[in-house]
file start.txt (compact mmCIF, C-alpha atoms)
# COMPACT_ATOMS: atom_id res chain seq x y z
CA MET A 20 -61.68 -10.15 -26.46
CA THR A 21 -59.42 -8.30 -28.88
CA TYR A 22 -56.48 -9.00 -26.54
CA PHE A 23 -57.02 -12.73 -26.82
CA SER A 24 -57.62 -12.59 -30.55
CA ASP A 25 -54.23 -10.83 -30.85
CA VAL A 26 -52.63 -13.54 -28.71
CA ALA A 27 -54.26 -16.24 -30.83
CA ALA A 28 -53.08 -14.60 -34.08
CA LEU A 29 -49.51 -14.30 -32.75
CA ALA A 30 -49.37 -17.86 -31.37
CA ARG A 31 -50.86 -19.28 -34.58
CA LYS A 32 -48.21 -17.41 -36.55
CA ASP A 33 -45.42 -19.02 -34.47
CA LEU A 34 -46.86 -22.50 -34.90
CA LEU A 35 -47.21 -21.92 -38.65
CA LEU A 36 -43.60 -20.69 -38.86
CA GLU A 37 -42.38 -23.83 -37.07
CA LEU A 38 -44.50 -26.03 -39.32
CA ARG A 39 -42.86 -24.40 -42.33
CA SER A 40 -39.25 -24.13 -41.19
CA ARG A 41 -39.03 -27.09 -38.75
CA ASP A 42 -36.12 -25.31 -37.10
CA THR A 43 -36.89 -25.79 -33.42
CA LEU A 44 -39.07 -28.77 -32.53
CA PRO A 45 -37.07 -31.51 -34.32
CA ALA A 46 -33.90 -30.22 -32.64
CA MET A 47 -35.62 -30.26 -29.23
CA LEU A 48 -36.91 -33.81 -29.74
CA LEU A 49 -33.56 -35.11 -30.90
CA PHE A 50 -31.76 -33.35 -28.06
CA VAL A 51 -33.98 -34.63 -25.26
CA VAL A 52 -33.89 -38.23 -26.49
CA SER A 53 -30.12 -38.14 -27.07
CA THR A 54 -29.55 -36.68 -23.63
CA LEU A 55 -31.61 -39.38 -21.95
CA VAL A 56 -29.76 -42.07 -23.91
CA VAL A 57 -26.40 -40.62 -22.82
CA PHE A 58 -27.57 -40.41 -19.20
CA HIS A 59 -28.76 -44.02 -19.41
CA PHE A 60 -25.30 -45.23 -20.32
CA ALA A 61 -23.47 -42.75 -18.08
CA LEU A 62 -25.28 -43.70 -14.87
CA PRO A 63 -23.92 -46.69 -12.98
CA THR A 64 -26.38 -49.51 -12.18
CA GLY A 65 -28.10 -49.18 -8.85
CA THR A 66 -28.26 -45.40 -9.02
CA SER A 67 -30.94 -43.88 -6.80
CA ALA A 68 -34.33 -42.85 -8.16
CA THR A 69 -33.59 -39.27 -7.04
CA ALA A 70 -30.50 -39.12 -9.25
CA GLU A 71 -32.44 -40.54 -12.20
CA VAL A 72 -35.27 -38.08 -11.91
CA GLY A 73 -32.74 -35.28 -11.40
CA LEU A 74 -31.19 -36.08 -14.75
CA LEU A 75 -34.64 -36.01 -16.39
CA TRP A 76 -35.06 -32.46 -15.08
CA VAL A 77 -31.63 -31.49 -16.37
CA ALA A 78 -32.65 -32.82 -19.80
CA ILE A 79 -35.95 -30.91 -19.69
CA LEU A 80 -34.24 -27.68 -18.67
CA PHE A 81 -31.65 -27.77 -21.44
CA THR A 82 -34.26 -28.81 -24.01
CA ALA A 83 -36.29 -25.75 -23.01
CA LEU A 84 -33.16 -23.63 -23.33
CA LEU A 85 -32.57 -24.97 -26.83
CA GLY A 86 -36.07 -23.95 -27.86
CA LEU A 87 -35.79 -20.55 -26.20
CA VAL A 88 -32.53 -19.68 -27.95
CA ARG A 89 -34.45 -19.93 -31.22
CA ALA A 90 -37.69 -18.37 -29.97
CA PHE A 91 -37.09 -14.87 -31.34
CA VAL A 92 -34.86 -15.73 -34.32
CA ALA A 93 -37.54 -14.90 -36.91
CA GLU A 94 -38.34 -11.59 -35.20
CA ARG A 95 -34.66 -10.65 -34.88
CA GLU A 96 -33.54 -11.51 -38.40
CA GLN A 97 -35.99 -9.25 -40.14
CA ARG A 98 -36.49 -6.78 -37.28
CA VAL A 99 -40.10 -7.98 -37.24
CA LEU A 100 -40.19 -7.31 -33.52
CA ASP A 101 -40.12 -3.58 -34.38
CA GLY A 102 -43.19 -4.11 -36.55
CA LEU A 103 -45.01 -5.95 -33.77
CA VAL A 104 -44.00 -3.39 -31.14
CA LEU A 105 -45.32 -0.58 -33.35
CA SER A 106 -48.67 -2.26 -33.84
CA PRO A 107 -51.47 -1.15 -31.51
CA CYS A 108 -51.82 -4.53 -29.80
CA ASP A 109 -50.95 -4.70 -26.12
CA ARG A 110 -47.25 -5.59 -26.02
CA SER A 111 -47.83 -8.27 -23.44
CA ALA A 112 -49.86 -10.08 -26.13
CA ILE A 113 -46.58 -10.59 -28.01
CA TRP A 114 -45.12 -12.26 -24.90
CA LEU A 115 -48.21 -14.39 -24.32
CA GLY A 116 -48.45 -15.49 -27.97
CA LYS A 117 -44.78 -16.45 -28.03
CA GLY A 118 -45.05 -18.10 -24.60
CA ILE A 119 -47.93 -20.30 -25.79
CA ALA A 120 -45.88 -21.42 -28.78
CA VAL A 121 -42.86 -22.18 -26.54
CA LEU A 122 -45.15 -24.11 -24.19
CA ALA A 123 -46.52 -26.13 -27.10
CA PHE A 124 -42.99 -27.04 -28.30
CA LEU A 125 -41.94 -27.97 -24.77
CA ALA A 126 -45.05 -30.13 -24.25
CA ALA A 127 -44.39 -31.87 -27.57
CA ALA A 128 -40.78 -32.56 -26.55
CA GLU A 129 -41.98 -34.05 -23.25
CA LEU A 130 -44.50 -36.29 -24.99
CA VAL A 131 -41.39 -38.01 -26.30
CA ALA A 132 -39.14 -37.45 -23.27
CA LEU A 133 -41.38 -39.03 -20.63
CA PRO A 134 -41.89 -42.35 -22.47
CA ALA A 135 -38.13 -42.37 -23.17
CA TYR A 136 -37.50 -41.82 -19.44
CA ALA A 137 -39.86 -44.68 -18.63
CA LEU A 138 -38.01 -46.88 -21.12
CA PHE A 139 -34.50 -46.12 -19.88
CA PHE A 140 -35.00 -45.43 -16.16
CA ALA A 141 -38.24 -45.84 -14.22
CA PRO A 142 -42.01 -45.73 -14.66
CA VAL A 143 -43.52 -42.27 -14.87
CA SER A 144 -45.75 -41.39 -11.93
CA TRP A 145 -48.71 -39.01 -12.03
CA GLU A 146 -46.76 -36.71 -9.69
CA LEU A 147 -43.98 -36.46 -12.24
CA VAL A 148 -46.43 -35.70 -15.06
CA ALA A 149 -48.12 -33.01 -12.95
CA ALA A 150 -44.77 -31.49 -11.98
CA VAL A 151 -43.58 -31.42 -15.60
CA ALA A 152 -46.83 -29.79 -16.73
CA LEU A 153 -46.58 -27.10 -14.04
CA ALA A 154 -42.88 -26.59 -14.67
CA ASP A 155 -43.50 -26.08 -18.38
CA VAL A 156 -45.69 -23.06 -17.67
CA GLY A 157 -42.99 -21.44 -15.54
CA LEU A 158 -40.19 -22.27 -17.98
CA ALA A 159 -42.17 -20.85 -20.89
CA ALA A 160 -43.19 -17.70 -18.98
CA VAL A 161 -39.74 -16.79 -17.66
CA GLY A 162 -37.90 -18.12 -20.72
CA THR A 163 -39.93 -16.12 -23.21
CA LEU A 164 -39.26 -12.88 -21.36
CA LEU A 165 -35.54 -13.60 -21.08
CA ALA A 166 -35.32 -14.75 -24.71
CA ALA A 167 -36.77 -11.39 -25.78
CA MET A 168 -34.23 -9.58 -23.59
CA ALA A 169 -31.36 -11.66 -24.94
CA ALA A 170 -32.52 -11.22 -28.54
CA ALA A 171 -31.78 -7.51 -28.32
CA GLY A 172 -28.17 -8.11 -27.25
CA ARG A 173 -25.16 -9.16 -29.26
CA ALA A 174 -24.04 -12.09 -27.08
CA ARG A 175 -27.54 -13.55 -26.98
CA GLU A 176 -26.47 -17.23 -27.01
CA LEU A 177 -24.36 -16.58 -23.90
CA LEU A 178 -26.74 -14.18 -22.22
CA LEU A 179 -29.84 -16.37 -22.29
CA PRO A 180 -28.40 -19.32 -20.30
CA LEU A 181 -26.78 -16.91 -17.83
CA LEU A 182 -30.14 -15.27 -17.16
CA PHE A 183 -32.36 -18.31 -17.50
CA LEU A 184 -30.63 -21.03 -15.49
CA PRO A 185 -30.41 -19.20 -12.13
CA LEU A 186 -34.02 -18.08 -12.40
CA VAL A 187 -35.36 -21.59 -12.99
CA ILE A 188 -33.54 -23.29 -10.09
CA PRO A 189 -36.83 -23.21 -8.11
CA VAL A 190 -38.46 -25.17 -10.94
CA VAL A 191 -35.85 -27.91 -10.58
CA VAL A 192 -36.24 -27.95 -6.80
CA GLY A 193 -40.04 -28.13 -7.09
CA GLY A 194 -39.96 -30.67 -9.91
CA ILE A 195 -37.60 -33.10 -8.19
CA GLY A 196 -39.35 -32.61 -4.87
CA ALA A 197 -42.74 -33.43 -6.39
CA SER A 198 -41.31 -36.49 -8.12
CA VAL A 199 -39.60 -38.13 -5.13
CA SER A 200 -41.17 -36.66 -1.99
CA ASP A 201 -43.80 -38.40 0.15
CA ASP A 202 -45.75 -35.16 0.09
CA PRO A 203 -45.78 -34.12 -3.59
CA GLY A 204 -48.71 -31.74 -3.08
CA ARG A 205 -46.51 -29.25 -1.26
CA TYR A 206 -44.03 -29.14 -4.15
CA LEU A 207 -46.75 -29.00 -6.79
CA ALA A 208 -48.27 -26.03 -4.96
CA PHE A 209 -44.80 -24.44 -4.89
CA LEU A 210 -44.52 -24.91 -8.68
CA GLY A 211 -47.99 -23.43 -9.14
CA LEU A 212 -47.00 -20.42 -7.04
CA TYR A 213 -43.79 -19.99 -9.04
CA ASP A 214 -45.83 -20.09 -12.28
CA ALA A 215 -48.29 -17.49 -11.03
CA VAL A 216 -45.67 -15.09 -9.68
CA PHE A 217 -43.32 -15.28 -12.64
CA ALA A 218 -46.09 -15.27 -15.25
CA ILE A 219 -47.48 -12.06 -13.77
CA LEU A 220 -44.02 -10.48 -13.50
CA SER A 221 -43.12 -11.45 -17.08
CA TRP A 222 -46.49 -10.30 -18.43
CA ALA A 223 -46.15 -6.94 -16.70
CA SER A 224 -42.51 -6.31 -17.58
CA PHE A 225 -42.48 -7.38 -21.23
CA GLU A 226 -43.39 -3.90 -22.43
CA TYR A 227 -40.21 -2.51 -20.83
CA VAL A 228 -38.10 -5.27 -22.37
CA VAL A 229 -39.15 -4.56 -25.94
CA THR A 230 -39.12 -0.79 -25.77
CA GLU A 231 -35.99 1.24 -25.27
CA MET B 17 -48.15 16.73 -35.39
CA ILE B 18 -44.42 16.33 -34.75
CA ARG B 19 -42.34 18.80 -32.76
CA ALA B 20 -38.65 18.38 -32.01
CA ALA B 21 -36.61 20.71 -29.84
CA GLY B 22 -32.89 20.20 -29.33
CA LEU B 23 -33.32 16.57 -30.38
CA SER B 24 -30.13 14.54 -30.03
CA ARG B 25 -29.40 10.86 -30.22
CA ASP B 26 -26.18 9.03 -29.36
CA PHE B 27 -25.13 5.47 -30.07
CA GLY B 28 -22.43 4.82 -27.51
CA PRO B 29 -19.82 7.54 -27.86
CA LYS B 30 -21.09 8.56 -31.31
CA ARG B 31 -23.60 11.42 -31.57
CA VAL B 32 -25.74 10.70 -34.63
CA LEU B 33 -28.24 13.55 -34.29
CA ARG B 34 -27.27 16.85 -32.69
CA GLY B 35 -29.75 19.45 -31.44
CA LEU B 36 -32.42 19.18 -34.14
CA ASP B 37 -35.33 21.63 -34.08
CA PHE B 38 -38.25 21.16 -36.43
CA GLU B 39 -42.00 21.04 -36.56
CA VAL B 40 -44.32 19.16 -38.90
CA PRO B 41 -47.95 20.32 -38.74
CA ARG B 42 -50.89 18.02 -39.41
CA GLY B 43 -51.00 17.45 -43.18
CA GLY B 44 -47.38 18.56 -43.51
CA PHE B 45 -44.69 16.81 -45.52
CA LEU B 46 -41.15 16.80 -44.19
CA LEU B 47 -38.49 15.74 -46.68
CA VAL B 48 -35.34 14.50 -44.97
CA THR B 49 -32.13 14.29 -46.96
CA GLY B 50 -28.49 13.69 -46.14
CA PRO B 51 -25.60 11.35 -46.86
CA ASN B 52 -25.29 7.82 -45.49
CA GLY B 53 -24.80 7.86 -41.74
CA SER B 54 -26.23 11.33 -41.29
CA GLY B 55 -29.02 10.04 -39.04
CA LYS B 56 -32.05 9.89 -41.36
CA SER B 57 -33.05 6.39 -40.26
CA THR B 58 -32.40 7.26 -36.62
CA LEU B 59 -34.67 10.28 -36.92
CA LEU B 60 -37.50 8.19 -38.36
CA ALA B 61 -37.02 5.48 -35.72
CA LEU B 62 -37.25 8.21 -33.06
CA CYS B 63 -40.46 9.54 -34.60
CA ALA B 64 -41.86 5.99 -34.69
CA GLY B 65 -41.10 5.55 -30.99
CA LEU B 66 -38.62 2.73 -31.55
CA LEU B 67 -35.79 4.79 -30.07
CA ALA B 68 -35.74 7.33 -27.27
CA PRO B 69 -33.89 10.66 -27.58
CA THR B 70 -30.62 10.98 -25.71
CA ALA B 71 -31.33 14.67 -25.17
CA GLY B 72 -33.97 17.19 -26.18
CA GLU B 73 -37.66 16.74 -26.74
CA LEU B 74 -39.71 14.97 -29.36
CA GLU B 75 -43.49 15.09 -29.37
CA VAL B 76 -45.45 12.99 -31.84
CA ALA B 77 -49.20 13.56 -31.62
CA ALA B 78 -50.24 10.19 -32.98
CA GLU B 79 -51.12 6.87 -31.40
CA ARG B 80 -49.40 3.70 -32.52
CA ARG B 81 -52.42 2.67 -34.61
CA GLU B 82 -52.11 5.94 -36.55
CA VAL B 83 -48.49 5.48 -37.61
CA GLY B 84 -47.28 3.70 -40.75
CA TYR B 85 -43.55 3.00 -40.82
CA VAL B 86 -41.29 1.77 -43.60
CA ALA B 87 -37.82 0.83 -42.38
CA HIS B 88 -34.75 -0.54 -44.15
CA GLU B 89 -36.00 -4.06 -43.45
CA PRO B 90 -39.54 -4.95 -44.52
CA LEU B 91 -40.52 -6.02 -40.95
CA VAL B 92 -42.27 -9.13 -42.23
CA TYR B 93 -41.73 -12.85 -41.61
CA ARG B 94 -39.67 -14.51 -44.33
CA GLU B 95 -41.35 -17.90 -43.94
CA LEU B 96 -44.89 -16.54 -44.19
CA THR B 97 -46.50 -15.61 -47.48
CA ALA B 98 -47.27 -12.01 -48.43
CA LEU B 99 -50.95 -12.64 -47.68
CA GLU B 100 -50.25 -14.25 -44.30
CA ASN B 101 -47.99 -11.38 -43.25
CA LEU B 102 -50.53 -8.73 -44.19
CA ASP B 103 -53.33 -10.72 -42.58
CA LEU B 104 -51.37 -10.85 -39.30
CA TYR B 105 -50.74 -7.10 -39.35
CA GLY B 106 -54.32 -6.46 -40.44
CA ARG B 107 -55.59 -8.34 -37.38
CA LEU B 108 -53.20 -6.55 -35.01
CA TYR B 109 -54.19 -3.14 -36.47
CA ARG B 110 -57.89 -4.14 -36.48
CA VAL B 111 -58.27 -3.16 -40.12
CA GLY B 112 -61.92 -3.09 -41.17
CA GLU B 113 -62.77 -5.14 -44.27
CA ARG B 114 -59.28 -6.56 -43.96
CA ARG B 115 -59.35 -8.95 -46.89
CA GLU B 116 -60.62 -6.35 -49.32
CA ARG B 117 -58.03 -3.82 -48.15
CA ILE B 118 -55.19 -6.36 -48.39
CA GLY B 119 -56.34 -7.45 -51.85
CA MET B 120 -56.52 -3.86 -53.04
CA LEU B 121 -53.00 -3.08 -51.80
CA LEU B 122 -51.48 -6.27 -53.20
CA GLU B 123 -53.07 -5.47 -56.55
CA ARG B 124 -51.92 -1.86 -56.40
CA PHE B 125 -48.31 -2.77 -55.65
CA GLY B 126 -48.19 -5.60 -58.17
CA LEU B 127 -47.96 -8.45 -55.66
CA TRP B 128 -51.35 -10.08 -56.20
CA ASP B 129 -49.96 -12.96 -58.27
CA ALA B 130 -47.25 -13.56 -55.66
CA ARG B 131 -49.62 -13.37 -52.68
CA HIS B 132 -49.26 -17.07 -51.80
CA GLU B 133 -45.46 -17.09 -52.13
CA ARG B 134 -43.22 -16.97 -49.10
CA VAL B 135 -41.35 -13.73 -48.59
CA SER B 136 -38.07 -15.70 -48.53
CA SER B 137 -38.54 -16.23 -52.28
CA PHE B 138 -39.12 -12.51 -52.95
CA SER B 139 -36.61 -10.22 -54.58
CA ARG B 140 -35.51 -7.15 -52.61
CA GLY B 141 -37.88 -5.00 -54.69
CA MET B 142 -40.86 -7.28 -54.03
CA ALA B 143 -40.07 -7.26 -50.31
CA GLN B 144 -40.02 -3.45 -50.42
CA ARG B 145 -43.42 -3.41 -52.14
CA LEU B 146 -44.72 -5.67 -49.39
CA ALA B 147 -43.25 -3.33 -46.77
CA LEU B 148 -45.17 -0.47 -48.38
CA CYS B 149 -48.39 -2.54 -48.36
CA ARG B 150 -47.81 -3.21 -44.65
CA ALA B 151 -47.26 0.46 -43.89
CA PHE B 152 -50.33 1.62 -45.85
CA LEU B 153 -52.57 -1.24 -44.67
CA HIS B 154 -54.29 0.57 -41.78
CA ASP B 155 -54.55 3.91 -43.61
CA PRO B 156 -52.29 5.71 -41.10
CA ARG B 157 -52.51 9.43 -40.37
CA LEU B 158 -48.73 9.69 -40.02
CA LEU B 159 -46.44 7.99 -42.52
CA LEU B 160 -42.75 7.60 -41.78
CA LEU B 161 -41.00 6.37 -44.91
CA ASP B 162 -37.31 5.54 -44.71
CA GLU B 163 -35.85 5.17 -48.21
CA PRO B 164 -39.20 4.05 -49.64
CA TYR B 165 -37.83 3.94 -53.20
CA ALA B 166 -34.97 1.59 -52.29
CA ALA B 167 -34.86 -1.45 -54.60
CA LEU B 168 -38.08 -0.47 -56.43
CA ASP B 169 -38.09 -0.76 -60.21
CA ASP B 170 -39.54 1.99 -62.43
CA ALA B 171 -43.08 0.63 -62.23
CA GLY B 172 -42.92 0.27 -58.45
CA GLY B 173 -41.45 3.76 -58.12
CA ARG B 174 -44.28 5.23 -60.20
CA VAL B 175 -46.93 3.53 -58.06
CA LEU B 176 -45.28 4.91 -54.94
CA ASP B 177 -45.06 8.39 -56.52
CA GLU B 178 -48.82 8.26 -57.10
CA GLU B 179 -49.56 6.98 -53.59
CA ILE B 180 -47.44 9.67 -51.96
CA ALA B 181 -48.99 12.37 -54.15
CA ALA B 182 -52.48 11.16 -53.21
CA LEU B 183 -51.64 11.14 -49.49
CA ALA B 184 -49.82 14.48 -49.35
CA ARG B 185 -51.93 17.19 -47.66
CA GLU B 186 -54.39 14.54 -46.39
CA ARG B 187 -51.86 12.75 -44.21
CA THR B 188 -48.70 13.81 -42.43
CA LEU B 189 -45.58 12.45 -44.11
CA VAL B 190 -41.93 12.27 -43.17
CA VAL B 191 -39.87 10.87 -46.02
CA ALA B 192 -36.14 10.22 -45.89
CA THR B 193 -34.73 9.57 -49.32
CA HIS B 194 -31.69 9.76 -51.56
CA GLU B 195 -34.05 10.59 -54.45
CA PRO B 196 -35.51 13.92 -53.26
CA ALA B 197 -36.44 14.99 -56.79
CA ARG B 198 -39.31 12.48 -56.82
CA VAL B 199 -41.19 14.12 -53.94
CA GLU B 200 -39.62 17.57 -53.59
CA ARG B 201 -42.59 19.39 -55.11
CA LEU B 202 -44.91 17.93 -52.45
CA ALA B 203 -42.74 18.76 -49.45
CA THR B 204 -43.84 21.54 -47.11
CA ALA B 205 -40.53 21.51 -45.23
CA LYS B 206 -37.06 20.15 -45.79
CA LEU B 207 -34.46 18.93 -43.36
CA ALA B 208 -30.93 18.37 -44.65
CA LEU B 209 -28.84 16.33 -42.24
CA ALA B 210 -25.07 16.48 -42.46

call {"tool": "encode", "arguments": {"input": "start.txt", "output": "structure tokens"}}
result
Amino acid sequence: MTYFSDVAALARKDLLLELRSRDTLPAMLLFVVSTLVVFHFALPTGTSATAEVGLLWVAILFTALLGLVRAFVAEREQRVLDGLVLSPCDRSAIWLGKGIAVLAFLAAAELVALPAYALFFAPVSWELVAAVALADVGLAAVGTLLAAMAAAGRARELLLPLLFLPLVIPVVVGGIGASVSDDPGRYLAFLGLYDAVFAILSWASFEYVVTE
Amino acid sequence: MIRAAGLSRDFGPKRVLRGLDFEVPRGGFLLVTGPNGSGKSTLLALCAGLLAPTAGELEVAAERREVGYVAHEPLVYRELTALENLDLYGRLYRVGERRERIGMLLERFGLWDARHERVSSFSRGMAQRLALCRAFLHDPRLLLLDEPYAALDDAGGRVLDEEIAALARERTLVVATHEPARVERLATAKLALA
């Protein structure tokens, strides 16, 4: 139980920091809505549903990236990550706490993005909602690990997209497949498998990322 | 409690520490002195486990929960209050009677009245006092203090003098400072880095 109380304390701290500073979530909300507006005007009329849903996934991916770039700013600026790493809590709890906060920001951004998508493009199906929910878990799991890795480097703003985007291509494939395929279950299962595999890998490897 | 043999540490092509040998027994007090850039902070970060040696051996017979570390930065969140920061660390270190312990330390280091203020509004000296509260919070067996007097005013310095004097012999201390005169009489060993 102490593991989960550590995770809860760390996640609560991140949500409190965001409530105070309002650095990340407003930027994510503004970005995702602006992107969908731009796509709305950029796409010619009569564009296929696959192209429309593809652009939604592009918007989601880059919104997640925006949040992840800022995920470890507070820890980096004051070297707080050293303080957390030195504490006796399991280091994976730091990853899980941060991942929960990232997931919460991403979910909040999508609460705005999906109605905006419905307004500008097409109605939102239950398959799309399920795919987005599953994708969020994978994006948060992989993204939090990579954000911690990038935070230690000097070219972190460049490094994070270079690491993150190739690793989340399966999320885009699964997400679009689930949204437009006749057999969405197969793609949703694929997203679930991706979440499980990458969450376990990230959980297990975080210790090595934050220690020299 | 700490044993170093041939301890070296490089940062890229630069060798910051070169072949250090020293031993600090349980209850010992190692005073580390040296000019800027001589590797004092690196040595303490190595002892804390934040860095790995490039060469040589370093054994620290203490678990993470038993180490208190003061670095150049206070290692606290700027947008949380002093109380919130200490409460977070208190939870992670599983400090018993956490609120009482935090209250006692805030009172001791003169931060009680500022406990609900965000660290971003603190002066450098107040942030250093908070860093000391954080390091002492879990009553560690091994204290690694890197420039603990930095930015402290006279009153803060006196409180820290008293705390260090009370802990010497009971706890193991490694103190790196540019003000060795304040703690020299308590030291059981000295290490002058060049």

call {"tool": "interface_residues", "arguments": {"input": "start.txt", "of": "chain A", "to": "chain B", "cutoff": "8 Å", "atoms": "only C-alpha atoms", "output": "PyMOL selection string"}}
result
chain A and resi 25+28-29+32+36+39-40+93-94+97-102+105-108+230-231

call {"tool": "residues_around", "arguments": {"input": "start.txt", "residues": "segment 54-68 of chain A", "least_positions_apart": "5", "cutoff": "8 Å", "atoms": "only C-alpha atoms", "output": "list in words"}}
result
Leu74, Leu75, Ala78, Ala132, Ala135, Tyr136, Phe139, Phe140, Ala141 and Val199 of chain A

call {"tool": "write_last_selection", "arguments": {"input": "start.txt", "atoms": "C-alpha atoms", "output": "compact mmCIF listing (two decimals), keeping the file's coordinate frame"}}
result
# COMPACT_ATOMS: atom_id res chain seq x y z
CA LEU A 74 -31.19 -36.08 -14.75
CA LEU A 75 -34.64 -36.01 -16.39
CA ALA A 78 -32.65 -32.82 -19.80
CA ALA A 132 -39.14 -37.45 -23.27
CA ALA A 135 -38.13 -42.37 -23.17
CA TYR A 136 -37.50 -41.82 -19.44
CA PHE A 139 -34.50 -46.12 -19.88
CA PHE A 140 -35.00 -45.43 -16.16
CA ALA A 141 -38.24 -45.84 -14.22
CA VAL A 199 -39.60 -38.13 -5.13

call {"tool": "closest_atom_pairs", "arguments": {"input": "start.txt", "of": "segment 33-91 of chain A", "to": "segment 113-118 of chain A", "cutoff": "9 Å", "atoms": "all atoms listed in the file", "output": "JSON lines"}}
result
{"residue": "A:Asp33", "atom": "CA", "partner": "A:Lys117", "partner_atom": "CA", "distance": 7.0}
{"residue": "A:Ala90", "atom": "CA", "partner": "A:Lys117", "partner_atom": "CA", "distance": 7.6}
{"residue": "A:Phe91", "atom": "CA", "partner": "A:Lys117", "partner_atom": "CA", "distance": 8.5}

call {"tool": "residues_around", "arguments": {"input": "start.txt", "residues": "Phe81 of chain A", "least_positions_apart": "5", "cutoff": "12 Å", "atoms": "all atoms listed in the file", "output": "JSON, numbers by chain"}}
result
{"A": [46, 47, 48, 50, 51, 52, 53, 54, 55, 74, 75, 76, 86, 87, 88, 125, 128, 158, 162, 179, 180, 183, 184, 187, 191]}

call {"tool": "residues_around", "arguments": {"input": "start.txt", "residues": "segment 136-144 of chain B", "least_positions_apart": "3", "cutoff": "6 Å", "atoms": "only C-alpha atoms", "output": "list in words"}}
result
Arg94, Ala147, Ala167 and Leu168 of chain B

call {"tool": "residues_around", "arguments": {"input": "start.txt", "residues": "Ala170 of chain A", "least_positions_apart": "2", "cutoff": "8 Å", "atoms": "only C-alpha atoms", "output": "ChimeraX atom specification"}}
result
/A:91-92,95,166-168,172-173,175

call {"tool": "build_atoms", "arguments": {"input": "start.txt", "residues": "segment 187-202 of chain B", "atoms": "N, CA and C atoms", "output": "PDB file, keeping the file's coordinate frame"}}
result
ATOM      1  N   ARG B 187     -52.556  13.431 -45.295  1.00  0.00           N
ATOM      2  CA  ARG B 187     -51.860  12.750 -44.210  1.00  0.00           C
ATOM      3  C   ARG B 187     -50.574  13.500 -43.915  1.00  0.00           C
ATOM      4  N   THR B 188     -49.990  13.215 -42.764  1.00  0.00           N
ATOM      5  CA  THR B 188     -48.700  13.810 -42.430  1.00  0.00           C
ATOM      6  C   THR B 188     -47.607  12.831 -42.876  1.00  0.00           C
ATOM      7  N   LEU B 189     -46.630  13.330 -43.603  1.00  0.00           N
ATOM      8  CA  LEU B 189     -45.580  12.450 -44.110  1.00  0.00           C
ATOM      9  C   LEU B 189     -44.198  12.936 -43.699  1.00  0.00           C
ATOM     10  N   VAL B 190     -43.354  11.998 -43.339  1.00  0.00           N
ATOM     11  CA  VAL B 190     -41.930  12.270 -43.170  1.00  0.00           C
ATOM     12  C   VAL B 190     -41.214  11.262 -44.057  1.00  0.00           C
ATOM     13  N   VAL B 191     -40.518  11.751 -45.052  1.00  0.00           N
ATOM     14  CA  VAL B 191     -39.870  10.870 -46.020  1.00  0.00           C
ATOM     15  C   VAL B 191     -38.381  11.141 -46.045  1.00  0.00           C
ATOM     16  N   ALA B 192     -37.605  10.111 -45.778  1.00  0.00           N
ATOM     17  CA  ALA B 192     -36.140  10.220 -45.890  1.00  0.00           C
ATOM     18  C   ALA B 192     -35.735   9.497 -47.164  1.00  0.00           C
ATOM     19  N   THR B 193     -35.052  10.188 -48.034  1.00  0.00           N
ATOM     20  CA  THR B 193     -34.730   9.570 -49.320  1.00  0.00           C
ATOM     21  C   THR B 193     -33.457  10.134 -49.930  1.00  0.00           C
ATOM     22  N   HIS B 194     -32.826   9.300 -50.746  1.00  0.00           N
ATOM     23  CA  HIS B 194     -31.690   9.760 -51.560  1.00  0.00           C
ATOM     24  C   HIS B 194     -32.173  10.217 -52.930  1.00  0.00           C
ATOM     25  N   GLU B 195     -33.482  10.133 -53.172  1.00  0.00           N
ATOM     26  CA  GLU B 195     -34.050  10.590 -54.450  1.00  0.00           C
ATOM     27  C   GLU B 195     -35.047  11.717 -54.178  1.00  0.00           C
ATOM     28  N   PRO B 196     -34.575  12.845 -53.651  1.00  0.00           N
ATOM     29  CA  PRO B 196     -35.510  13.920 -53.260  1.00  0.00           C
ATOM     30  C   PRO B 196     -36.302  14.491 -54.433  1.00  0.00           C
ATOM     31  N   ALA B 197     -35.759  14.399 -55.631  1.00  0.00           N
ATOM     32  CA  ALA B 197     -36.440  14.990 -56.790  1.00  0.00           C
ATOM     33  C   ALA B 197     -37.832  14.394 -56.999  1.00  0.00           C
ATOM     34  N   ARG B 198     -38.030  13.150 -56.563  1.00  0.00           N
ATOM     35  CA  ARG B 198     -39.310  12.480 -56.820  1.00  0.00           C
ATOM     36  C   ARG B 198     -40.443  13.094 -55.992  1.00  0.00           C
ATOM     37  N   VAL B 199     -40.116  13.645 -54.831  1.00  0.00           N
ATOM     38  CA  VAL B 199     -41.190  14.120 -53.940  1.00  0.00           C
ATOM     39  C   VAL B 199     -41.022  15.589 -53.530  1.00  0.00           C
ATOM     40  N   GLU B 200     -39.976  16.218 -54.029  1.00  0.00           N
ATOM     41  CA  GLU B 200     -39.620  17.570 -53.590  1.00  0.00           C
ATOM     42  C   GLU B 200     -40.780  18.565 -53.737  1.00  0.00           C
ATOM     43  N   ARG B 201     -41.512  18.441 -54.832  1.00  0.00           N
ATOM     44  CA  ARG B 201     -42.590  19.390 -55.110  1.00  0.00           C
ATOM     45  C   ARG B 201     -43.724  19.292 -54.089  1.00  0.00           C
ATOM     46  N   LEU B 202     -43.834  18.135 -53.418  1.00  0.00           N
ATOM     47  CA  LEU B 202     -44.910  17.930 -52.450  1.00  0.00           C
ATOM     48  C   LEU B 202     -44.524  18.369 -51.042  1.00  0.00           C
TER      49      LEU B 202
END
